[in-house]
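Before any comments, here is the structure.
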Amino acid sequence: MAKEESSAFLARPLIARLATVRANGTPQIVPMWFLYEDGVMYMSTRTYAAKVKHFKKNPHVAVWCDEMVGADEETK
């Protein structure tokens, strides 16, 4: 995707999946609402959430956003 296309895509009401790394090395993947503005993705969570603890120990994360299409929409 070009920068303009990805900005338009991320400006839509999508759900992101945030992946962090647990202390035992396994991934934790959680759905997150987000705001994408001026090239920055903002997410909000509680300071005591597991994902925050994981991030503080290991700041390597992955974020995945895709369009969810219902089965009836796929056939159109």
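Identifiers for the structure tokens are assigned positionally: chains receive A, B, ... in sequence, residues are indexed from 1 per chain, and ligands are indexed from 1 in the order shown.
Using only C-alpha atoms, the protein and nucleic acid residues lying no more than 12 Å from Glu4 (chain A), apart from those fewer than 4 places from it along its own chain, are Ala8, Phe9, Leu10, Ala11, Asp38 and Gly39 of chain A.
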Would you mind exporting C-alpha atoms of the selected residues as a tab-separated table (two decimals), in the first residue's frame?
chain	number	residue	atom	x	y	z
A	8	ALA	CA	-6.92	6.20	4.51
A	9	PHE	CA	-7.21	2.52	5.51
A	10	LEU	CA	-6.10	3.16	9.11
A	11	ALA	CA	-8.46	6.14	9.42
A	38	ASP	CA	-0.98	12.32	11.61
A	39	GLY	CA	0.91	9.07	11.04
For this session: Using only C-alpha atoms, determine which residues lie at most 9 Å from Val63 (chain A), disregarding the query and same-chain residues fewer than 4 positions distant; provide the list as a PyMOL selection string.
Result: chain A and resi 16-19
Output all heavy atoms for every residue in that selection, as a PDB file, in the first residue's frame.
ATOM      1  N   ALA A  16      -7.422  -3.221  15.758  1.00  0.00           N
ATOM      2  CA  ALA A  16      -6.036  -3.677  15.631  1.00  0.00           C
ATOM      3  C   ALA A  16      -5.840  -4.884  16.535  1.00  0.00           C
ATOM      4  O   ALA A  16      -6.566  -5.079  17.509  1.00  0.00           O
ATOM      5  CB  ALA A  16      -5.082  -2.562  16.050  1.00  0.00           C
ATOM      6  N   ARG A  17      -4.870  -5.687  16.202  1.00  0.00           N
ATOM      7  CA  ARG A  17      -4.449  -6.777  17.069  1.00  0.00           C
ATOM      8  C   ARG A  17      -3.018  -6.464  17.491  1.00  0.00           C
ATOM      9  O   ARG A  17      -2.138  -6.336  16.648  1.00  0.00           O
ATOM     10  CB  ARG A  17      -4.525  -8.118  16.337  1.00  0.00           C
ATOM     11  CG  ARG A  17      -5.947  -8.593  16.161  1.00  0.00           C
ATOM     12  CD  ARG A  17      -6.047  -9.487  14.919  1.00  0.00           C
ATOM     13  NE  ARG A  17      -7.407  -9.693  14.492  1.00  0.00           N
ATOM     14  CZ  ARG A  17      -8.111  -8.839  13.749  1.00  0.00           C
ATOM     15  NH1 ARG A  17      -7.591  -7.689  13.399  1.00  0.00           N
ATOM     16  NH2 ARG A  17      -9.335  -9.121  13.365  1.00  0.00           N
ATOM     17  N   LEU A  18      -2.844  -6.309  18.790  1.00  0.00           N
ATOM     18  CA  LEU A  18      -1.544  -5.959  19.346  1.00  0.00           C
ATOM     19  C   LEU A  18      -0.899  -7.215  19.907  1.00  0.00           C
ATOM     20  O   LEU A  18      -1.486  -7.903  20.743  1.00  0.00           O
ATOM     21  CB  LEU A  18      -1.709  -4.914  20.460  1.00  0.00           C
ATOM     22  CG  LEU A  18      -0.452  -4.546  21.234  1.00  0.00           C
ATOM     23  CD1 LEU A  18       0.552  -3.814  20.335  1.00  0.00           C
ATOM     24  CD2 LEU A  18      -0.815  -3.703  22.443  1.00  0.00           C
ATOM     25  N   ALA A  19       0.300  -7.519  19.453  1.00  0.00           N
ATOM     26  CA  ALA A  19       1.033  -8.694  19.934  1.00  0.00           C
ATOM     27  C   ALA A  19       2.216  -8.233  20.783  1.00  0.00           C
ATOM     28  O   ALA A  19       3.039  -7.430  20.332  1.00  0.00           O
ATOM     29  CB  ALA A  19       1.520  -9.533  18.768  1.00  0.00           C
TER      30      ALA A  19
END
Distance query Pro31 (chain A) at most 12 Å, only C-alpha atoms, self and fewer than 2 positions along chain excluded, as a CSV table (one decimal) with C-alpha atoms, in the first residue's frame:
chain,number,residue,atom,x,y,z
A,14,LEU,CA,-10.9,-1.0,12.4
A,15,ILE,CA,-9.8,-3.2,15.2
A,16,ALA,CA,-6.0,-3.7,15.6
A,17,ARG,CA,-4.4,-6.8,17.1
A,18,LEU,CA,-1.5,-6.0,19.3
A,19,ALA,CA,1.0,-8.7,19.9
A,20,THR,CA,3.4,-8.5,22.9
A,28,GLN,CA,0.0,-12.5,23.7
A,29,ILE,CA,-2.3,-11.1,21.1
A,33,TRP,CA,-9.4,0.0,19.4
A,34,PHE,CA,-7.1,2.7,18.1
A,43,MET,CA,-4.0,3.0,21.8
A,44,SER,CA,-5.4,3.3,25.3
A,45,THR,CA,-5.3,0.7,28.1
A,51,LYS,CA,0.3,-6.0,27.7
A,62,ALA,CA,3.6,-6.2,16.4
A,63,VAL,CA,0.3,-4.6,15.2
A,64,TRP,CA,-2.0,-6.1,12.7
A,65,CYS,CA,-5.0,-4.4,11.1
A,66,ASP,CA,-7.2,-5.9,8.5
Exercise. Quick one, how far is CA of Phe55 (chain A) from CA of Ser6 (chain A)?
Worked result: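 Going from CA of Phe55 (chain A) over to CA of Ser6 (chain A) covers 25.1 Å.
Looking only at chain A, the set that DSSP places in helix (DSSP H, G or I) from backbone geometry is Lys3, Glu4, Glu5, Ser6, Ser7, Ala8, Phe9, Leu10, Ala50, Lys51, Val52, Lys53, His54, Phe55, Lys56, Lys57, Ala71, Asp72, Glu73 and Glu74 of chain A.
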Exercise. Which residue, A:Ala50, A:Val40, A:Val69, A:Leu35, has the smallest gap to Val21 (chain A) when you use only C-alpha atoms?
Worked result: A:Ala50
Seminar exercise, completed: Pairwise distance, CA of Arg12 (chain A) with CA of Val30 (chain A), equals 19.0 Å
For this session: Write down as a ChimeraX atom specification the residues of chain A whose backbone DSSP state falls under strand (DSSP E).
Result: /A:16-21,27-32,35-37,40-42,62-65
Exercise. Just how far from CA of Val52 (chain A) is CA of Tyr36 (chain A), in Å to one decimal?
Worked result: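 Here the two named atoms are 19.7 Å from each other.
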